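Okay, so here's the structure we're looking at.
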Amino acid sequence: MAIGIKKGAVVATPPMGASFLWGMPQMPEFLEYPFYKSAVYDPYPLFFVGQINCAEAAPFDESGLLPKQGFLWFFADLDYFLGYTDETERQPGRWDKKAVQVLYSHVGREELAHEFLTFPSETEMMPPEAVLLEFCEVPDDADGVKLLGKAEDKVAEQAFGEGWQPLLQIPGDENLEAGRFSFYIEREALSARKFRRVEGYLSE
């Protein structure tokens with residue numbers, strides 16, 4: 001079984017330690033916000049995609065693959081596909097570790113800072129409002145937003161091959177002006193909690 005994700009209320013400020021897509025992350029102060037280092041542009045922050053409270057997801061993780069405590073934070077170079085810039089170096093297909101990052105920390109909600117800003121204070125551009133998440137068990141091949149399970153994009157599945165596991169799959173929606181975006185991780189790295197080895201796939 002996969003972990004299904006139901007979208008809930010849209011909120012300006014999620015409760016501390018909640019699970020949500022978009023908005024701004026709540027991270028411990030010792031973690032550094034990930035930046036993309038380009039040969040063309042000055043370093044810029046990767047777009048924050050979502051925060052998962054592992055304790056909330058754990059009761060639905062029949063596989064036992066995910067941590068049972070702590071938080072996961074997902075980031076990707078998705079600015080163009082979310083309508084925040086007219087320029088992009090990215091194309092549909094497989095994205096390497098430079099363009100995608102997943103951070104993990106075994107912390108409690110009391111150690112989280114309220115918000116990590118993803119945009120400089122002088123810009124008027126702000127991320128889409130946060131969408132609260134709830135978890136449930138779904139079949140491995142279920143569609144929609146989910147953790148683990150089978151790949152919904154068979155081309156992506158072939159691009160990574162055996163040994164790789166979809167970690168988080170997000171279909172295009174009113175915010176993501178593209179196809180499905182998926183975070184993939186090698187099963188060996190997942191077992192070792194080496195989340196920085198995640199790569200991405202943007203489906204057409």
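To be explicit about the labels: the chains of the structure tokens are called A, B, and onward in the order shown, and within each one the residues are counted from 1, while ligands get numbers from 1 in the order they are shown.
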
Residues within 8 Å of range 180-186 of chain A, only C-alpha atoms, excluding chain neighbours under 3 positions, as an NGL selection string: :A and (100 or 163-172 or 189-190 or 195 or 197-204)

Residue subset to file, keeping N, CA and C atoms, as a PDB file, in the first residue's frame:
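Final output, saved to result36.pdb:
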```pdb
ATOM      1  N   VAL A 100      17.066  19.333  -7.181  1.00  0.00           N
ATOM      2  CA  VAL A 100      16.094  18.732  -6.263  1.00  0.00           C
ATOM      3  C   VAL A 100      16.795  18.442  -4.945  1.00  0.00           C
ATOM      4  N   GLY A 163      15.557  -0.504  -8.475  1.00  0.00           N
ATOM      5  CA  GLY A 163      16.346   0.008  -7.364  1.00  0.00           C
ATOM      6  C   GLY A 163      15.937   1.397  -6.925  1.00  0.00           C
ATOM      7  N   TRP A 164      15.079   2.044  -7.725  1.00  0.00           N
ATOM      8  CA  TRP A 164      14.611   3.383  -7.386  1.00  0.00           C
ATOM      9  C   TRP A 164      13.153   3.343  -6.962  1.00  0.00           C
ATOM     10  N   GLN A 165      12.804   4.231  -6.028  1.00  0.00           N
ATOM     11  CA  GLN A 165      11.470   4.273  -5.448  1.00  0.00           C
ATOM     12  C   GLN A 165      10.912   5.695  -5.536  1.00  0.00           C
ATOM     13  N   PRO A 166       9.676   5.869  -6.088  1.00  0.00           N
ATOM     14  CA  PRO A 166       9.063   7.187  -5.956  1.00  0.00           C
ATOM     15  C   PRO A 166       8.863   7.514  -4.476  1.00  0.00           C
ATOM     16  N   LEU A 167       9.315   8.682  -4.060  1.00  0.00           N
ATOM     17  CA  LEU A 167       9.161   9.096  -2.676  1.00  0.00           C
ATOM     18  C   LEU A 167       7.906   9.956  -2.501  1.00  0.00           C
ATOM     19  N   LEU A 168       7.769  10.974  -3.345  1.00  0.00           N
ATOM     20  CA  LEU A 168       6.587  11.838  -3.334  1.00  0.00           C
ATOM     21  C   LEU A 168       6.211  12.137  -4.775  1.00  0.00           C
ATOM     22  N   GLN A 169       4.929  11.948  -5.122  1.00  0.00           N
ATOM     23  CA  GLN A 169       4.435  12.234  -6.472  1.00  0.00           C
ATOM     24  C   GLN A 169       3.301  13.258  -6.370  1.00  0.00           C
ATOM     25  N   ILE A 170       3.420  14.327  -7.175  1.00  0.00           N
ATOM     26  CA  ILE A 170       2.444  15.418  -7.128  1.00  0.00           C
ATOM     27  C   ILE A 170       1.936  15.681  -8.539  1.00  0.00           C
ATOM     28  N   PRO A 171       0.657  15.442  -8.813  1.00  0.00           N
ATOM     29  CA  PRO A 171       0.109  15.789 -10.123  1.00  0.00           C
ATOM     30  C   PRO A 171       0.070  17.301 -10.302  1.00  0.00           C
ATOM     31  N   GLY A 172       0.088  17.753 -11.552  1.00  0.00           N
ATOM     32  CA  GLY A 172      -0.088  19.168 -11.826  1.00  0.00           C
ATOM     33  C   GLY A 172      -1.422  19.657 -11.287  1.00  0.00           C
ATOM     34  N   ALA A 189      19.366   4.102  -0.470  1.00  0.00           N
ATOM     35  CA  ALA A 189      19.519   5.410   0.175  1.00  0.00           C
ATOM     36  C   ALA A 189      18.357   5.681   1.118  1.00  0.00           C
ATOM     37  N   LEU A 190      17.159   5.251   0.748  1.00  0.00           N
ATOM     38  CA  LEU A 190      15.989   5.435   1.611  1.00  0.00           C
ATOM     39  C   LEU A 190      16.160   4.669   2.914  1.00  0.00           C
ATOM     40  N   PHE A 195      18.553  11.140   2.350  1.00  0.00           N
ATOM     41  CA  PHE A 195      17.561  11.818   1.521  1.00  0.00           C
ATOM     42  C   PHE A 195      18.181  12.836   0.572  1.00  0.00           C
ATOM     43  N   ARG A 197      20.221  12.245  -1.564  1.00  0.00           N
ATOM     44  CA  ARG A 197      20.492  11.563  -2.834  1.00  0.00           C
ATOM     45  C   ARG A 197      19.233  11.489  -3.720  1.00  0.00           C
ATOM     46  N   VAL A 198      18.200  12.198  -3.347  1.00  0.00           N
ATOM     47  CA  VAL A 198      16.967  12.229  -4.137  1.00  0.00           C
ATOM     48  C   VAL A 198      17.188  12.938  -5.458  1.00  0.00           C
ATOM     49  N   GLU A 199      16.527  12.472  -6.498  1.00  0.00           N
ATOM     50  CA  GLU A 199      16.473  13.157  -7.787  1.00  0.00           C
ATOM     51  C   GLU A 199      14.995  13.397  -8.136  1.00  0.00           C
ATOM     52  N   GLY A 200      14.753  14.091  -9.242  1.00  0.00           N
ATOM     53  CA  GLY A 200      13.388  14.442  -9.595  1.00  0.00           C
ATOM     54  C   GLY A 200      13.032  14.054 -11.002  1.00  0.00           C
ATOM     55  N   TYR A 201      11.727  14.076 -11.293  1.00  0.00           N
ATOM     56  CA  TYR A 201      11.256  13.815 -12.658  1.00  0.00           C
ATOM     57  C   TYR A 201      10.017  14.679 -12.913  1.00  0.00           C
ATOM     58  N   LEU A 202      10.093  15.482 -13.975  1.00  0.00           N
ATOM     59  CA  LEU A 202       8.959  16.295 -14.396  1.00  0.00           C
ATOM     60  C   LEU A 202       8.331  15.626 -15.606  1.00  0.00           C
ATOM     61  N   SER A 203       7.084  15.201 -15.463  1.00  0.00           N
ATOM     62  CA  SER A 203       6.376  14.549 -16.555  1.00  0.00           C
ATOM     63  C   SER A 203       5.733  15.603 -17.460  1.00  0.00           C
ATOM     64  N   GLU A 204       5.650  15.277 -18.749  1.00  0.00           N
ATOM     65  CA  GLU A 204       5.033  16.218 -19.698  1.00  0.00           C
ATOM     66  C   GLU A 204       3.518  16.146 -19.601  1.00  0.00           C
TER      67      GLU A 204
END
```

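Using only C-alpha atoms, the contacts of Arg90 in chain A at a cut-off of 10 Å, with sequence neighbours closer than 6 positions omitted, comprise Asp77, Leu78, Asp79, Tyr80, Phe81, Ala99 and Leu202 of chain A.
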
In Å, with one decimal, what is the gap from CA of Leu72 in chain A to CA of Leu103 in chain A?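 Those two atoms sit 5.7 Å apart.
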
Smallest atom-to-atom distance to Ala55 in chain A: which of A:Val10, A:Ala156, A:Ala18, A:Leu132, using only C-alpha atoms?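 Of A:Val10, A:Ala156, A:Ala18, A:Leu132, the one nearest Ala55 in chain A is A:Ala18, counting only C-alpha atoms.
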
I'd like to know which of A:Asp153, A:Arg94, A:Val145, A:Gln51 is closest to Phe75 in chain A, using only C-alpha atoms. A:Gln51

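With only C-alpha atoms as the atoms that count, the minimum distance from Met16 in chain A to the choices A:Val102, A:Leu31, A:Ala113, A:Ala130 is reached by A:Ala113.
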
DSSP on the backbone: what in chain A comes out alpha helix (DSSP H), as a ChimeraX atom specification? /A:54-57,154-160,187-191

For the strand (DSSP E) assignment from backbone DSSP, which residues of range 31-171 of chain A qualify? Please present them as a tab-separated table (two decimals) with N, CA and C atoms, in the first residue's frame.
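So the final result, stored in out.tsv, reads:
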```tsv
chain	number	residue	atom	x	y	z
A	35	PHE	N	19.90	26.10	-1.86
A	35	PHE	CA	19.98	26.99	-3.01
A	35	PHE	C	20.47	26.22	-4.23
A	36	TYR	N	20.04	26.67	-5.41
A	36	TYR	CA	20.56	26.11	-6.65
A	36	TYR	C	21.71	26.99	-7.13
A	44	TYR	N	20.26	30.89	-6.22
A	44	TYR	CA	18.91	31.29	-5.84
A	44	TYR	C	18.24	30.13	-5.11
A	45	PRO	N	17.25	30.44	-4.24
A	45	PRO	CA	16.63	29.37	-3.44
A	45	PRO	C	15.81	28.43	-4.28
A	47	PHE	N	12.64	26.11	-4.92
A	47	PHE	CA	11.25	26.35	-4.54
A	47	PHE	C	10.83	25.31	-3.51
A	48	PHE	N	10.21	25.78	-2.44
A	48	PHE	CA	9.71	24.86	-1.43
A	48	PHE	C	8.43	24.19	-1.92
A	49	VAL	N	8.42	22.87	-1.89
A	49	VAL	CA	7.28	22.10	-2.39
A	49	VAL	C	6.38	21.60	-1.26
A	50	GLY	N	6.96	21.10	-0.18
A	50	GLY	CA	6.11	20.58	0.86
A	50	GLY	C	6.86	20.11	2.09
A	51	GLN	N	6.13	19.98	3.18
A	51	GLN	CA	6.64	19.52	4.47
A	51	GLN	C	5.80	18.35	4.94
A	52	ILE	N	6.47	17.27	5.34
A	52	ILE	CA	5.77	16.07	5.82
A	52	ILE	C	6.17	15.80	7.27
A	53	ASN	N	5.18	15.75	8.14
A	53	ASN	CA	5.39	15.32	9.51
A	53	ASN	C	5.35	13.79	9.50
A	71	PHE	N	10.74	15.20	10.42
A	71	PHE	CA	10.12	15.91	9.32
A	71	PHE	C	10.93	15.75	8.04
A	72	LEU	N	10.23	15.73	6.92
A	72	LEU	CA	10.83	15.77	5.59
A	72	LEU	C	10.43	17.08	4.93
A	73	TRP	N	11.40	17.74	4.26
A	73	TRP	CA	11.12	18.97	3.52
A	73	TRP	C	11.57	18.78	2.07
A	74	PHE	N	10.70	19.11	1.12
A	74	PHE	CA	10.93	18.86	-0.30
A	74	PHE	C	11.14	20.19	-1.03
A	75	PHE	N	12.17	20.24	-1.88
A	75	PHE	CA	12.50	21.44	-2.64
A	75	PHE	C	12.85	21.04	-4.08
A	76	ALA	N	12.55	21.93	-5.03
A	76	ALA	CA	12.90	21.67	-6.42
A	76	ALA	C	12.98	23.00	-7.18
A	93	GLY	N	11.54	15.64	-17.82
A	93	GLY	CA	12.48	14.53	-17.77
A	93	GLY	C	13.12	14.43	-16.40
A	94	ARG	N	14.27	13.76	-16.36
A	94	ARG	CA	14.95	13.49	-15.10
A	94	ARG	C	15.80	14.68	-14.68
A	95	TRP	N	15.66	15.07	-13.41
A	95	TRP	CA	16.43	16.17	-12.85
A	95	TRP	C	17.41	15.61	-11.81
A	100	VAL	N	17.07	19.33	-7.18
A	100	VAL	CA	16.09	18.73	-6.26
A	100	VAL	C	16.79	18.44	-4.95
A	101	GLN	N	16.15	18.78	-3.85
A	101	GLN	CA	16.70	18.41	-2.54
A	101	GLN	C	15.57	18.01	-1.60
A	102	VAL	N	15.86	17.01	-0.79
A	102	VAL	CA	14.96	16.63	0.30
A	102	VAL	C	15.79	16.64	1.58
A	103	LEU	N	15.33	17.38	2.57
A	103	LEU	CA	16.01	17.43	3.86
A	103	LEU	C	15.20	16.62	4.87
A	104	TYR	N	15.90	16.00	5.80
A	104	TYR	CA	15.24	15.26	6.87
A	104	TYR	C	15.91	15.58	8.19
A	105	SER	N	15.13	15.72	9.24
A	105	SER	CA	15.67	15.85	10.58
A	105	SER	C	14.74	15.19	11.58
A	130	ALA	N	-0.26	27.83	1.65
A	130	ALA	CA	-0.08	26.43	2.03
A	130	ALA	C	-1.40	25.66	1.96
A	131	VAL	N	-1.29	24.38	1.57
A	131	VAL	CA	-2.43	23.48	1.52
A	131	VAL	C	-2.19	22.38	2.54
A	132	LEU	N	-3.00	22.32	3.58
A	132	LEU	CA	-2.83	21.31	4.62
A	132	LEU	C	-3.10	19.91	4.07
A	133	LEU	N	-2.43	18.91	4.64
A	133	LEU	CA	-2.50	17.55	4.13
A	133	LEU	C	-2.98	16.58	5.22
A	134	GLU	N	-3.71	15.56	4.77
A	134	GLU	CA	-4.08	14.43	5.62
A	134	GLU	C	-3.65	13.16	4.89
A	135	PHE	N	-3.40	12.10	5.66
A	135	PHE	CA	-2.87	10.86	5.10
A	135	PHE	C	-3.88	9.72	5.21
A	136	CYS	N	-3.75	8.77	4.29
A	136	CYS	CA	-4.60	7.57	4.30
A	136	CYS	C	-3.88	6.48	3.52
A	137	GLU	N	-4.33	5.25	3.68
A	137	GLU	CA	-3.79	4.14	2.89
A	137	GLU	C	-4.49	4.11	1.54
A	138	VAL	N	-3.71	3.92	0.47
A	138	VAL	CA	-4.27	3.77	-0.87
A	138	VAL	C	-3.50	2.65	-1.57
A	146	LYS	N	0.76	11.29	-3.48
A	146	LYS	CA	1.02	10.14	-2.60
A	146	LYS	C	2.50	10.03	-2.27
A	147	LEU	N	2.76	9.35	-1.17
A	147	LEU	CA	4.10	8.96	-0.77
A	147	LEU	C	4.27	7.48	-1.07
A	164	TRP	N	15.08	2.04	-7.73
A	164	TRP	CA	14.61	3.38	-7.39
A	164	TRP	C	13.15	3.34	-6.96
A	165	GLN	N	12.80	4.23	-6.03
A	165	GLN	CA	11.47	4.27	-5.45
A	165	GLN	C	10.91	5.69	-5.54
A	166	PRO	N	9.68	5.87	-6.09
A	166	PRO	CA	9.06	7.19	-5.96
A	166	PRO	C	8.86	7.51	-4.48
A	167	LEU	N	9.31	8.68	-4.06
A	167	LEU	CA	9.16	9.10	-2.68
A	167	LEU	C	7.91	9.96	-2.50
A	168	LEU	N	7.77	10.97	-3.35
A	168	LEU	CA	6.59	11.84	-3.33
A	168	LEU	C	6.21	12.14	-4.78
A	169	GLN	N	4.93	11.95	-5.12
A	169	GLN	CA	4.43	12.23	-6.47
A	169	GLN	C	3.30	13.26	-6.37
A	170	ILE	N	3.42	14.33	-7.18
A	170	ILE	CA	2.44	15.42	-7.13
A	170	ILE	C	1.94	15.68	-8.54
```

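Taking CA of Gly149 in chain A and CA of Met1 in chain A as endpoints, the distance between them is 6.4 Å.
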
Among listed residues A:Val107, A:Ala178, A:Ala39, A:Leu82, nearest Gln69 in chain A (using only C-alpha atoms):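 Of A:Val107, A:Ala178, A:Ala39, A:Leu82, the one nearest Gln69 in chain A, counting only C-alpha atoms, is A:Val107.
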
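Nearest to Phe160 in chain A of all the residues A:Glu111, A:Asp96, A:Asp140, A:Glu177 is A:Asp96, counting only C-alpha atoms.
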
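Residues in contact with Leu66 in chain A at 8 Å, where only C-alpha atoms are counted and same-chain residues fewer than 2 positions away are skipped, are listed as Cys54, Ala58, Asp61, Gly64, Lys68 and Leu190 of chain A.
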
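The spacing separating CA of Leu46 in chain A from CA of Tyr33 in chain A amounts to 8.3 Å.
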